[in-house]
$ cat structure_38.pdb   # PDB, C-alpha atoms
ATOM      1  CA  MET A 183     -42.146  60.310  12.177
ATOM      2  CA  ASN A 184     -42.631  59.284   8.582
ATOM      3  CA  ASP A 185     -39.817  60.946   6.694
ATOM      4  CA  SER A 186     -39.259  58.784   3.678
ATOM      5  CA  LEU A 187     -37.331  59.694   0.586
ATOM      6  CA  VAL A 188     -39.601  59.477  -2.446
ATOM      7  CA  ILE A 189     -37.960  58.928  -5.818
ATOM      8  CA  ALA A 190     -40.062  58.363  -8.925
ATOM      9  CA  GLY A 191     -43.094  57.561  -6.766
ATOM     10  CA  LYS A 192     -41.393  54.957  -4.578
ATOM     11  CA  SER A 193     -40.622  55.508  -0.875
ATOM     12  CA  TYR A 194     -37.329  54.627   0.768
ATOM     13  CA  GLY A 195     -36.552  54.633   4.486
ATOM     14  CA  SER A 196     -32.842  55.314   4.006
ATOM     15  CA  ARG A 197     -31.475  58.546   2.554
ATOM     16  CA  LEU A 198     -28.038  57.018   2.075
ATOM     17  CA  LEU A 199     -27.350  55.503  -1.334
ATOM     18  CA  VAL A 200     -24.134  53.582  -1.818
ATOM     19  CA  GLY A 201     -21.902  52.349  -4.597
ATOM     20  CA  THR A 202     -20.530  48.839  -4.836
ATOM     21  CA  GLY A 203     -17.049  49.480  -6.255
ATOM     22  CA  LYS A 204     -13.542  49.359  -4.781
ATOM     23  CA  TYR A 205     -14.241  46.761  -2.071
ATOM     24  CA  LYS A 206     -11.766  43.995  -1.273
ATOM     25  CA  ASP A 207     -14.280  41.280  -2.149
ATOM     26  CA  PHE A 208     -18.004  40.615  -2.341
ATOM     27  CA  ASP A 209     -18.187  39.655   1.344
ATOM     28  CA  GLU A 210     -16.895  43.073   2.342
ATOM     29  CA  THR A 211     -19.228  44.709  -0.194
ATOM     30  CA  ARG A 212     -22.262  43.059   1.326
ATOM     31  CA  ALA A 213     -21.186  43.638   4.951
ATOM     32  CA  ALA A 214     -20.597  47.347   4.316
ATOM     33  CA  ILE A 215     -23.885  47.772   2.486
ATOM     34  CA  ASP A 216     -25.758  46.020   5.277
ATOM     35  CA  ALA A 217     -24.084  48.293   7.852
ATOM     36  CA  SER A 218     -24.977  51.389   5.776
ATOM     37  CA  GLY A 219     -28.666  50.515   5.819
ATOM     38  CA  ALA A 220     -28.854  51.616   2.168
ATOM     39  CA  GLU A 221     -31.781  50.362   0.131
ATOM     40  CA  ILE A 222     -30.602  51.762  -3.191
ATOM     41  CA  VAL A 223     -27.231  50.507  -4.391
ATOM     42  CA  THR A 224     -25.557  51.567  -7.587
ATOM     43  CA  VAL A 225     -23.763  49.140  -9.913
ATOM     44  CA  ALA A 226     -21.759  49.496 -13.110
ATOM     45  CA  ILE A 227     -22.475  47.624 -16.346
ATOM     46  CA  ARG A 228     -19.513  45.905 -18.001
ATOM     47  CA  ARG A 229     -18.702  43.204 -20.534
ATOM     48  CA  THR A 230     -18.763  39.724 -19.013
ATOM     49  CA  ASN A 231     -16.117  37.094 -19.543
ATOM     50  CA  ILE A 232     -17.296  34.912 -22.407
ATOM     51  CA  GLY A 233     -16.420  31.526 -21.088
ATOM     52  CA  GLN A 234     -12.796  32.197 -20.020
ATOM     53  CA  ASN A 235     -13.801  32.298 -16.373
ATOM     54  CA  PRO A 236     -16.861  30.128 -15.739
ATOM     55  CA  GLY A 237     -18.141  30.200 -12.178
ATOM     56  CA  GLU A 238     -17.070  33.826 -11.681
ATOM     57  CA  PRO A 239     -19.255  35.195  -8.873
ATOM     58  CA  ASN A 240     -21.974  37.624  -9.941
ATOM     59  CA  LEU A 241     -22.565  40.827  -7.984
ATOM     60  CA  LEU A 242     -26.340  40.411  -8.264
ATOM     61  CA  ASP A 243     -26.112  37.103  -6.395
ATOM     62  CA  VAL A 244     -24.548  39.026  -3.490
ATOM     63  CA  LEU A 245     -26.986  41.943  -3.808
ATOM     64  CA  PRO A 246     -30.206  40.337  -4.995
ATOM     65  CA  PRO A 247     -32.549  42.748  -6.830
ATOM     66  CA  GLU A 248     -35.421  41.279  -4.791
ATOM     67  CA  ARG A 249     -33.834  42.751  -1.666
ATOM     68  CA  PHE A 250     -32.112  45.923  -2.911
ATOM     69  CA  THR A 251     -33.131  48.556  -5.429
ATOM     70  CA  ILE A 252     -30.352  48.216  -7.973
ATOM     71  CA  LEU A 253     -29.381  51.514  -9.574
ATOM     72  CA  PRO A 254     -27.399  50.804 -12.738
ATOM     73  CA  ASN A 255     -25.056  53.621 -13.670
ATOM     74  CA  THR A 256     -23.186  54.814 -16.728
ATOM     75  CA  ALA A 257     -19.826  55.316 -15.046
ATOM     76  CA  GLY A 258     -17.096  55.445 -17.656
ATOM     77  CA  CYS A 259     -19.350  56.755 -20.447
ATOM     78  CA  TYR A 260     -18.155  59.897 -22.215
ATOM     79  CA  THR A 261     -20.969  60.315 -24.766
ATOM     80  CA  ALA A 262     -24.753  60.440 -24.577
ATOM     81  CA  ASP A 263     -24.968  57.529 -27.037
ATOM     82  CA  ASP A 264     -22.797  55.238 -24.894
ATOM     83  CA  ALA A 265     -24.749  56.163 -21.767
ATOM     84  CA  VAL A 266     -28.122  55.485 -23.391
ATOM     85  CA  ARG A 267     -26.911  52.168 -24.826
ATOM     86  CA  THR A 268     -25.528  51.117 -21.440
ATOM     87  CA  LEU A 269     -28.794  51.868 -19.655
ATOM     88  CA  ARG A 270     -30.880  50.042 -22.255
ATOM     89  CA  LEU A 271     -28.698  46.992 -21.591
ATOM     90  CA  ALA A 272     -29.149  47.564 -17.850
ATOM     91  CA  ARG A 273     -32.924  47.671 -18.226
ATOM     92  CA  GLU A 274     -32.820  44.354 -20.085
ATOM     93  CA  LEU A 275     -30.459  42.909 -17.457
ATOM     94  CA  LEU A 276     -32.783  43.964 -14.626
ATOM     95  CA  ASP A 277     -36.024  42.826 -16.272
ATOM     96  CA  GLY A 278     -37.437  46.192 -17.236
ATOM     97  CA  HIS A 279     -36.304  48.144 -14.166
ATOM     98  CA  ALA A 280     -36.591  51.884 -14.947
ATOM     99  CA  LEU A 281     -34.626  53.664 -12.175
ATOM    100  CA  VAL A 282     -31.122  54.528 -13.390
ATOM    101  CA  LYS A 283     -28.187  56.763 -12.591
ATOM    102  CA  LEU A 284     -26.989  58.780 -15.562
ATOM    103  CA  GLU A 285     -23.477  60.132 -15.563
ATOM    104  CA  VAL A 286     -21.676  61.307 -18.670
ATOM    105  CA  LEU A 287     -18.095  62.199 -17.964
ATOM    106  CA  GLY A 288     -16.142  64.938 -19.652
ATOM    107  CA  ASP A 289     -12.593  64.341 -18.543
ATOM    108  CA  PRO A 290     -10.730  61.283 -17.217
ATOM    109  CA  LYS A 291      -8.591  63.365 -14.862
ATOM    110  CA  THR A 292     -11.380  65.133 -12.980
ATOM    111  CA  LEU A 293     -14.370  62.913 -13.903
ATOM    112  CA  PHE A 294     -16.268  66.180 -14.139
ATOM    113  CA  PRO A 295     -19.581  65.722 -15.953
ATOM    114  CA  ASN A 296     -19.952  66.670 -19.606
ATOM    115  CA  MET A 297     -23.155  68.638 -19.174
ATOM    116  CA  PRO A 298     -24.156  69.056 -22.871
ATOM    117  CA  GLU A 299     -23.936  65.260 -23.328
ATOM    118  CA  THR A 300     -25.657  64.695 -19.963
ATOM    119  CA  LEU A 301     -28.592  66.895 -21.005
ATOM    120  CA  LYS A 302     -28.814  65.117 -24.374
ATOM    121  CA  ALA A 303     -28.808  61.661 -22.773
ATOM    122  CA  ALA A 304     -31.320  62.685 -20.081
ATOM    123  CA  GLU A 305     -33.783  63.853 -22.713
ATOM    124  CA  ILE A 306     -33.572  60.578 -24.655
ATOM    125  CA  LEU A 307     -33.831  58.438 -21.502
ATOM    126  CA  VAL A 308     -36.811  60.319 -20.031
ATOM    127  CA  LYS A 309     -38.664  59.982 -23.364
ATOM    128  CA  ASP A 310     -37.813  56.276 -23.369
ATOM    129  CA  GLY A 311     -39.513  55.798 -19.974
ATOM    130  CA  PHE A 312     -36.503  55.725 -17.657
ATOM    131  CA  ASP A 313     -36.579  57.295 -14.176
ATOM    132  CA  VAL A 314     -33.349  59.221 -14.386
ATOM    133  CA  MET A 315     -31.236  60.196 -11.368
ATOM    134  CA  VAL A 316     -28.590  62.395 -12.867
ATOM    135  CA  TYR A 317     -25.037  63.203 -11.771
ATOM    136  CA  CYS A 318     -24.410  66.841 -12.665
ATOM    137  CA  ALA A 319     -22.312  69.908 -12.064
ATOM    138  CA  ASP A 320     -23.341  72.091  -9.113
ATOM    139  CA  ASP A 321     -24.793  74.594 -11.556
ATOM    140  CA  PRO A 322     -28.326  75.667 -10.576
ATOM    141  CA  ILE A 323     -29.273  76.551 -14.164
ATOM    142  CA  GLN A 324     -28.412  73.166 -15.625
ATOM    143  CA  ALA A 325     -29.833  71.357 -12.586
ATOM    144  CA  LYS A 326     -33.123  73.135 -13.285
ATOM    145  CA  MET A 327     -32.949  72.170 -16.970
ATOM    146  CA  LEU A 328     -32.558  68.516 -15.975
ATOM    147  CA  GLU A 329     -35.493  68.768 -13.593
ATOM    148  CA  ASP A 330     -37.691  70.468 -16.210
ATOM    149  CA  MET A 331     -36.782  67.726 -18.665
ATOM    150  CA  GLY A 332     -38.349  65.200 -16.276
ATOM    151  CA  CYS A 333     -35.408  63.738 -14.368
ATOM    152  CA  ALA A 334     -36.442  61.929 -11.170
ATOM    153  CA  ALA A 335     -33.596  63.388  -9.077
ATOM    154  CA  VAL A 336     -30.676  65.733  -9.598
ATOM    155  CA  MET A 337     -27.346  64.758  -8.075
ATOM    156  CA  PRO A 338     -24.742  67.515  -8.073
ATOM    157  CA  LEU A 339     -21.185  66.745  -7.099
ATOM    158  CA  ALA A 340     -19.948  68.150  -3.785
ATOM    159  CA  SER A 341     -16.354  67.719  -4.979
ATOM    160  CA  LEU A 342     -14.645  65.429  -7.498
ATOM    161  CA  ILE A 343     -15.625  61.747  -7.669
ATOM    162  CA  GLY A 344     -13.480  59.695  -5.319
ATOM    163  CA  SER A 345     -11.644  62.771  -4.003
ATOM    164  CA  GLY A 346     -13.048  62.782  -0.455
ATOM    165  CA  MET A 347     -12.681  66.574  -0.471
ATOM    166  CA  GLY A 348     -16.102  67.154   1.090
ATOM    167  CA  ILE A 349     -18.654  69.893   0.408
ATOM    168  CA  LEU A 350     -16.710  72.548  -1.494
ATOM    169  CA  ASN A 351     -19.539  74.821  -2.559
ATOM    170  CA  PRO A 352     -22.415  74.689  -0.075
ATOM    171  CA  TRP A 353     -23.863  77.882  -1.521
ATOM    172  CA  ASN A 354     -24.420  76.409  -4.969
ATOM    173  CA  LEU A 355     -25.916  73.289  -3.389
ATOM    174  CA  ARG A 356     -28.323  75.509  -1.445
ATOM    175  CA  LEU A 357     -29.368  77.312  -4.632
ATOM    176  CA  ILE A 358     -30.081  73.963  -6.297
ATOM    177  CA  ILE A 359     -31.944  72.618  -3.255
ATOM    178  CA  ASP A 360     -34.041  75.767  -2.768
ATOM    179  CA  GLN A 361     -35.344  75.774  -6.343
ATOM    180  CA  ALA A 362     -35.833  72.040  -6.823
ATOM    181  CA  SER A 363     -39.109  70.174  -6.666
ATOM    182  CA  VAL A 364     -37.444  66.786  -7.230
ATOM    183  CA  PRO A 365     -35.027  65.195  -4.749
ATOM    184  CA  VAL A 366     -31.508  66.632  -4.689
ATOM    185  CA  LEU A 367     -28.757  64.230  -3.662
ATOM    186  CA  VAL A 368     -25.085  64.938  -3.258
ATOM    187  CA  ASP A 369     -23.312  62.470  -5.508
ATOM    188  CA  ALA A 370     -19.543  62.423  -5.157
ATOM    189  CA  GLY A 371     -17.004  64.084  -2.919
ATOM    190  CA  VAL A 372     -18.026  62.981   0.573
ATOM    191  CA  GLY A 373     -14.920  61.940   2.537
ATOM    192  CA  THR A 374     -16.100  61.309   6.057
ATOM    193  CA  ALA A 375     -19.232  61.314   8.195
ATOM    194  CA  SER A 376     -19.296  65.048   8.909
ATOM    195  CA  ASP A 377     -19.375  65.753   5.147
ATOM    196  CA  ALA A 378     -22.516  63.641   4.841
ATOM    197  CA  ALA A 379     -24.073  65.395   7.823
ATOM    198  CA  ILE A 380     -23.283  68.813   6.320
ATOM    199  CA  ALA A 381     -24.883  67.807   3.007
ATOM    200  CA  MET A 382     -28.036  66.747   4.825
ATOM    201  CA  GLU A 383     -28.077  69.857   7.054
ATOM    202  CA  LEU A 384     -28.000  71.954   3.887
ATOM    203  CA  GLY A 385     -31.275  70.294   2.943
ATOM    204  CA  CYS A 386     -30.157  67.595   0.543
ATOM    205  CA  ASP A 387     -32.693  64.801   0.247
ATOM    206  CA  GLY A 388     -29.980  62.166   0.283
ATOM    207  CA  VAL A 389     -26.332  61.370  -0.271
ATOM    208  CA  LEU A 390     -24.755  58.885  -2.668
ATOM    209  CA  MET A 391     -21.244  57.700  -1.895
ATOM    210  CA  ASN A 392     -18.838  54.883  -2.628
ATOM    211  CA  THR A 393     -15.164  55.621  -2.002
ATOM    212  CA  ALA A 394     -15.671  57.253   1.416
ATOM    213  CA  ILE A 395     -16.887  53.879   2.671
ATOM    214  CA  ALA A 396     -14.921  51.451   0.492
ATOM    215  CA  HIS A 397     -11.564  53.167   1.028
ATOM    216  CA  ALA A 398     -11.957  53.795   4.755
ATOM    217  CA  GLN A 399      -9.537  51.759   6.880
ATOM    218  CA  ASN A 400     -12.570  49.899   8.210
ATOM    219  CA  PRO A 401     -15.281  50.082   5.526
ATOM    220  CA  VAL A 402     -17.976  48.356   7.585
ATOM    221  CA  LEU A 403     -17.520  50.735  10.520
ATOM    222  CA  MET A 404     -17.476  53.757   8.196
ATOM    223  CA  ALA A 405     -20.693  52.500   6.554
ATOM    224  CA  SER A 406     -22.316  52.490   9.988
ATOM    225  CA  ALA A 407     -20.952  56.003  10.685
ATOM    226  CA  MET A 408     -22.367  57.255   7.376
ATOM    227  CA  LYS A 409     -25.784  55.809   8.177
ATOM    228  CA  LYS A 410     -25.859  57.782  11.423
ATOM    229  CA  ALA A 411     -24.396  60.936   9.853
ATOM    230  CA  VAL A 412     -27.100  61.022   7.179
ATOM    231  CA  GLU A 413     -29.793  60.462   9.802
ATOM    232  CA  CYS A 414     -28.411  63.075  12.166
ATOM    233  CA  GLY A 415     -27.927  65.648   9.393
ATOM    234  CA  ARG A 416     -31.489  65.059   8.259
ATOM    235  CA  GLU A 417     -32.871  65.482  11.776
ATOM    236  CA  ALA A 418     -30.874  68.674  12.272
ATOM    237  CA  PHE A 419     -32.221  70.025   8.980
ATOM    238  CA  LEU A 420     -35.800  69.199   9.952
ATOM    239  CA  ALA A 421     -35.294  70.615  13.453
ATOM    240  CA  GLY A 422     -34.079  73.899  11.979
ATOM    241  CA  ARG A 423     -30.825  75.272  13.282
ATOM    242  CA  MET A 424     -30.646  78.383  15.479
ATOM    243  CA  PRO A 425     -29.706  81.613  13.715
ATOM    244  CA  ARG A 426     -26.003  82.475  13.624
ATOM    245  CA  LYS A 427     -25.181  85.468  15.844
ATOM    246  CA  PHE A 428     -21.658  86.556  15.134
ATOM    247  CA  TYR A 429     -19.968  88.621  17.909
ATOM    248  CA  SER A 430     -23.163  88.615  19.934
ATOM    249  CA  ALA A 431     -22.933  86.164  22.802
ATOM    250  CA  ASP A 432     -26.154  85.082  24.484
ATOM    251  CA  PRO A 433     -25.777  83.194  27.782
ATOM    252  CA  SER A 434     -27.708  79.988  28.243
ATOM    253  CA  SER A 435     -27.967  80.456  32.010
ATOM    254  CA  PRO A 436     -30.138  83.039  33.845
ATOM    255  CA  THR A 437     -28.529  86.486  34.121
ATOM    256  CA  SER A 438     -30.267  87.257  37.446
ATOM    257  CA  GLY A 439     -30.065  85.601  40.870
ATOM    258  CA  LEU A 440     -26.288  85.431  40.946
ATOM    259  CA  ILE A 441     -24.868  85.186  44.492
ATOM    260  CA  GLY A 442     -23.550  88.406  45.970
ATOM    261  CA  SER A 443     -25.787  90.589  43.778
TER     262      SER A 443
ATOM    263  CA  MET B  56     -18.478  28.746 -40.279
ATOM    264  CA  ILE B  57     -19.370  32.267 -39.154
ATOM    265  CA  GLN B  58     -17.314  35.073 -37.680
ATOM    266  CA  LEU B  59     -18.586  37.280 -34.880
ATOM    267  CA  ILE B  60     -17.263  40.031 -32.667
ATOM    268  CA  ILE B  61     -18.185  39.245 -29.062
ATOM    269  CA  ASN B  62     -17.341  41.923 -26.517
ATOM    270  CA  GLY B  63     -14.823  43.392 -28.912
ATOM    271  CA  GLN B  64     -13.048  40.059 -29.589
ATOM    272  CA  PRO B  65     -13.215  38.225 -32.935
ATOM    273  CA  GLU B  66     -14.739  34.743 -32.498
ATOM    274  CA  ARG B  67     -15.402  31.911 -34.943
ATOM    275  CA  LEU B  68     -18.332  29.515 -34.648
ATOM    276  CA  ASP B  69     -18.442  26.242 -36.594
ATOM    277  CA  GLN B  70     -22.089  26.830 -37.332
ATOM    278  CA  ALA B  71     -24.676  29.541 -36.864
ATOM    279  CA  LEU B  72     -26.028  29.284 -33.296
ATOM    280  CA  THR B  73     -28.889  30.984 -31.531
ATOM    281  CA  VAL B  74     -28.043  33.472 -28.789
ATOM    282  CA  HIS B  75     -29.214  30.901 -26.254
ATOM    283  CA  ALA B  76     -26.977  28.159 -27.683
ATOM    284  CA  LEU B  77     -23.987  30.503 -27.667
ATOM    285  CA  LEU B  78     -24.612  31.382 -24.007
ATOM    286  CA  GLU B  79     -24.880  27.666 -23.164
ATOM    287  CA  ALA B  80     -21.663  26.872 -24.998
ATOM    288  CA  ARG B  81     -19.879  29.597 -22.999
ATOM    289  CA  GLN B  82     -21.413  28.482 -19.686
ATOM    290  CA  LEU B  83     -23.314  31.740 -19.403
ATOM    291  CA  ALA B  84     -26.867  30.401 -19.751
ATOM    292  CA  GLY B  85     -29.128  31.271 -16.835
ATOM    293  CA  LYS B  86     -26.812  34.010 -15.529
ATOM    294  CA  ARG B  87     -27.960  37.567 -14.904
ATOM    295  CA  LEU B  88     -26.760  39.209 -18.120
ATOM    296  CA  ALA B  89     -27.995  41.206 -21.089
ATOM    297  CA  VAL B  90     -27.245  40.832 -24.782
ATOM    298  CA  GLU B  91     -27.060  43.461 -27.487
ATOM    299  CA  ARG B  92     -26.717  42.444 -31.134
ATOM    300  CA  ASN B  93     -25.598  45.025 -33.680
ATOM    301  CA  GLY B  94     -26.674  47.820 -31.355
ATOM    302  CA  GLU B  95     -30.123  46.365 -30.582
ATOM    303  CA  ILE B  96     -31.143  44.653 -27.350
ATOM    304  CA  VAL B  97     -31.999  40.958 -27.717
ATOM    305  CA  PRO B  98     -34.643  40.419 -24.997
ATOM    306  CA  LYS B  99     -34.219  37.300 -22.841
ATOM    307  CA  GLY B 100     -37.448  35.888 -24.239
ATOM    308  CA  ARG B 101     -35.940  35.868 -27.733
ATOM    309  CA  HIS B 102     -32.550  34.316 -27.013
ATOM    310  CA  ALA B 103     -33.777  30.907 -28.117
ATOM    311  CA  GLU B 104     -35.118  32.111 -31.456
ATOM    312  CA  THR B 105     -32.445  34.652 -32.427
ATOM    313  CA  LEU B 106     -30.020  33.058 -34.884
ATOM    314  CA  LEU B 107     -26.620  34.696 -35.076
ATOM    315  CA  ALA B 108     -25.302  35.630 -38.504
ATOM    316  CA  ASP B 109     -21.860  36.175 -39.989
ATOM    317  CA  GLY B 110     -20.479  39.582 -39.036
ATOM    318  CA  ASP B 111     -22.742  40.112 -36.015
ATOM    319  CA  ARG B 112     -21.363  42.269 -33.231
ATOM    320  CA  LEU B 113     -22.484  41.164 -29.767
ATOM    321  CA  GLU B 114     -22.173  42.833 -26.406
ATOM    322  CA  ILE B 115     -22.830  40.601 -23.390
ATOM    323  CA  VAL B 116     -22.853  42.526 -20.114
ATOM    324  CA  VAL B 117     -23.339  41.970 -16.390
ATOM    325  CA  ALA B 118     -23.573  44.168 -13.299
ATOM    326  CA  VAL B 119     -20.247  44.770 -11.555
ATOM    327  CA  GLY B 120     -19.156  46.808  -8.546
ATOM    328  CA  GLY B 121     -19.153  50.518  -9.246
ATOM    329  CA  GLY B 122     -20.214  53.858  -7.893
TER     330      GLY B 122
END

$ encode --input "structure_38.pdb" --output "structure tokens"
Amino acid sequence: MNDSLVIAGKSYGSRLLVGTGKYKDFDETRAAIDASGAEIVTVAIRRTNIGQNPGEPNLLDVLPPERFTILPNTAGCYTADDAVRTLRLARELLDGHALVKLEVLGDPKTLFPNMPETLKAAEILVKDGFDVMVYCADDPIQAKMLEDMGCAAVMPLASLIGSGMGILNPWNLRLIIDQASVPVLVDAGVGTASDAAIAMELGCDGVLMNTAIAHAQNPVLMASAMKKAVECGREAFLAGRMPRKFYSADPSSPTSGLIGS
Amino acid sequence: MIQLIINGQPERLDQALTVHALLEARQLAGKRLAVERNGEIVPKGRHAETLLADGDRLEIVVAVGGG
């Protein structure tokens, strides 16, 4: 069955997107990403050392852009201007690569998105030719605004970034999914494999996660679990679950032909 | 002598260098990085011809682990 995820006209076999932060070292980063089967990996953009630390290993040597689709993000940006500047640097860094993850934060405690700044940045970036995957609140109205503006994917949080609290508002996610004509990915909040499966069963097109894998006791094993959870949630969604029948049992075995009847 | 701000730090150069020469001097030439000068991207193809001037503010960035 061909069931690829299409983002900005490009097809991907994996619906699991992963971050590259919080790992012990680059070896663990690469091993976990390989086990996850992810094709799209998100990276942050930061100032380099300027000669103080020559020979410092470079993440893109561990995750070569020829092999992975690198998704530069704007983590840590609190204004539209900083986010746009960061992604213009990322595009230069990645030789004109257009697919980016926009996130504009509103608060260092919750890392909740600042939606007015997010909308402002998205508009500038789309006009500038970027394919924008956008981290957003689970607000169907603003998700629709981002889609109408031309974003390539909308990525509502399921719970706070790095919290591992799981899918806190499945109903809002369903509203966003049901109205969207671009991919909807849960970005943030997944804690364990069942959370990823639930997101996919709701009809999400994909899941983006970092901490759930990197801060597991065994990140490589959790990466493998997440790969399967996303696949199994997707298959369950496509299969279509049975209707819920509260207080109305329905035996699976024949009701006739019982002995002694 | 010229004064620059590189990644937020004041730096002095004995003479005006090109972006490329600065990267070479800091052992950064050939690495996967991007340069912004006074808020404008300096494309890789222009590193060798872009001469830095007194008061320039540079940002030199790389990809790092993040989510």

$ residues_near_point --input "structure_38.pdb" --point "(-8.2, 65.9, -13.0)" --cutoff "12 Å" --atoms "only C-alpha atoms" --output "VMD selection string"
chain A and resid 287 to 295 341 to 345

$ residues_around --input "structure_38.pdb" --residues "Glu104 of chain B" --least-positions-apart "6" --cutoff "9 Å" --atoms "all atoms listed in the file" --output "mmCIF file with C-alpha atoms, in the coordinates of the input"
data_model
loop_
_atom_site.group_PDB
_atom_site.id
_atom_site.type_symbol
_atom_site.label_atom_id
_atom_site.label_comp_id
_atom_site.auth_asym_id
_atom_site.auth_seq_id
_atom_site.Cartn_x
_atom_site.Cartn_y
_atom_site.Cartn_z
ATOM 1 C CA THR B 73 -28.889 30.984 -31.531
ATOM 2 C CA VAL B 74 -28.043 33.472 -28.789
ATOM 3 C CA HIS B 75 -29.214 30.901 -26.254
#

$ closest_atom_pairs --input "structure_38.pdb" --of "segment 72-105 of chain B" --to "segment 241-246 of chain A" --cutoff "12 Å" --atoms "all atoms listed in the file" --output "tab-separated table"
residue	atom	partner	partner_atom	distance
B:Lys86	CA	A:Asp243	CA	9.7
B:Arg87	CA	A:Leu242	CA	7.4
B:Leu88	CA	A:Leu242	CA	9.9

$ interface_residues --input "structure_38.pdb" --of "chain A" --to "chain B" --cutoff "6 Å" --atoms "all atoms listed in the file" --output "short mmCIF file (atom, residue, chain, number, x, y, z; two decimals) with C-alpha atoms, keeping the file's coordinate frame"
data_model
loop_
_atom_site.label_atom_id
_atom_site.label_comp_id
_atom_site.auth_asym_id
_atom_site.auth_seq_id
_atom_site.Cartn_x
_atom_site.Cartn_y
_atom_site.Cartn_z
CA GLY A 201 -21.90 52.35 -4.60
CA THR A 202 -20.53 48.84 -4.84
CA GLY A 203 -17.05 49.48 -6.26
CA THR A 224 -25.56 51.57 -7.59
CA VAL A 225 -23.76 49.14 -9.91
CA ALA A 226 -21.76 49.50 -13.11
CA ILE A 227 -22.48 47.62 -16.35
CA ARG A 228 -19.51 45.90 -18.00
CA ARG A 229 -18.70 43.20 -20.53
CA THR A 230 -18.76 39.72 -19.01
CA ILE A 232 -17.30 34.91 -22.41
CA GLY A 233 -16.42 31.53 -21.09
CA LEU A 241 -22.56 40.83 -7.98
CA LEU A 271 -28.70 46.99 -21.59
CA GLU A 274 -32.82 44.35 -20.08
CA LEU A 275 -30.46 42.91 -17.46
CA ASN A 392 -18.84 54.88 -2.63
#

$ atom_distance --input "structure_38.pdb" --atom1 "atom CA of Gly110 of chain B" --atom2 "atom CA of Leu269 of chain A"
24.4 Å

$ build_atoms --input "structure_38.pdb" --residues "segment 75-79 of chain B" --atoms "all heavy atoms" --output "compact mmCIF listing (two decimals), in the coordinates of the input"
# COMPACT_ATOMS: atom_id res chain seq x y z
N HIS B 75 -29.12 31.82 -27.39
CA HIS B 75 -29.21 30.90 -26.25
C HIS B 75 -28.14 29.81 -26.34
O HIS B 75 -27.47 29.51 -25.35
CB HIS B 75 -30.61 30.27 -26.19
CG HIS B 75 -30.77 29.30 -25.07
ND1 HIS B 75 -30.86 29.70 -23.75
CD2 HIS B 75 -30.80 27.94 -25.05
CE1 HIS B 75 -30.95 28.63 -22.98
NE2 HIS B 75 -30.93 27.56 -23.75
N ALA B 76 -27.97 29.24 -27.53
CA ALA B 76 -26.98 28.16 -27.68
C ALA B 76 -25.57 28.68 -27.45
O ALA B 76 -24.73 27.99 -26.87
CB ALA B 76 -27.11 27.54 -29.08
N LEU B 77 -25.31 29.90 -27.90
CA LEU B 77 -23.99 30.50 -27.67
C LEU B 77 -23.74 30.67 -26.17
O LEU B 77 -22.67 30.33 -25.65
CB LEU B 77 -23.88 31.86 -28.37
CG LEU B 77 -22.60 32.63 -28.05
CD1 LEU B 77 -21.39 32.00 -28.74
CD2 LEU B 77 -22.71 34.10 -28.43
N LEU B 78 -24.76 31.17 -25.46
CA LEU B 78 -24.61 31.38 -24.01
C LEU B 78 -24.37 30.04 -23.31
O LEU B 78 -23.55 29.94 -22.40
CB LEU B 78 -25.84 32.08 -23.43
CG LEU B 78 -26.07 33.53 -23.90
CD1 LEU B 78 -27.37 34.08 -23.32
CD2 LEU B 78 -24.91 34.44 -23.51
N GLU B 79 -25.08 29.00 -23.76
CA GLU B 79 -24.88 27.67 -23.16
C GLU B 79 -23.47 27.17 -23.42
O GLU B 79 -22.81 26.66 -22.51
CB GLU B 79 -25.88 26.68 -23.76
CG GLU B 79 -27.25 26.79 -23.13
CD GLU B 79 -27.98 25.46 -23.13
OE1 GLU B 79 -27.95 24.79 -24.19
OE2 GLU B 79 -28.57 25.12 -22.08
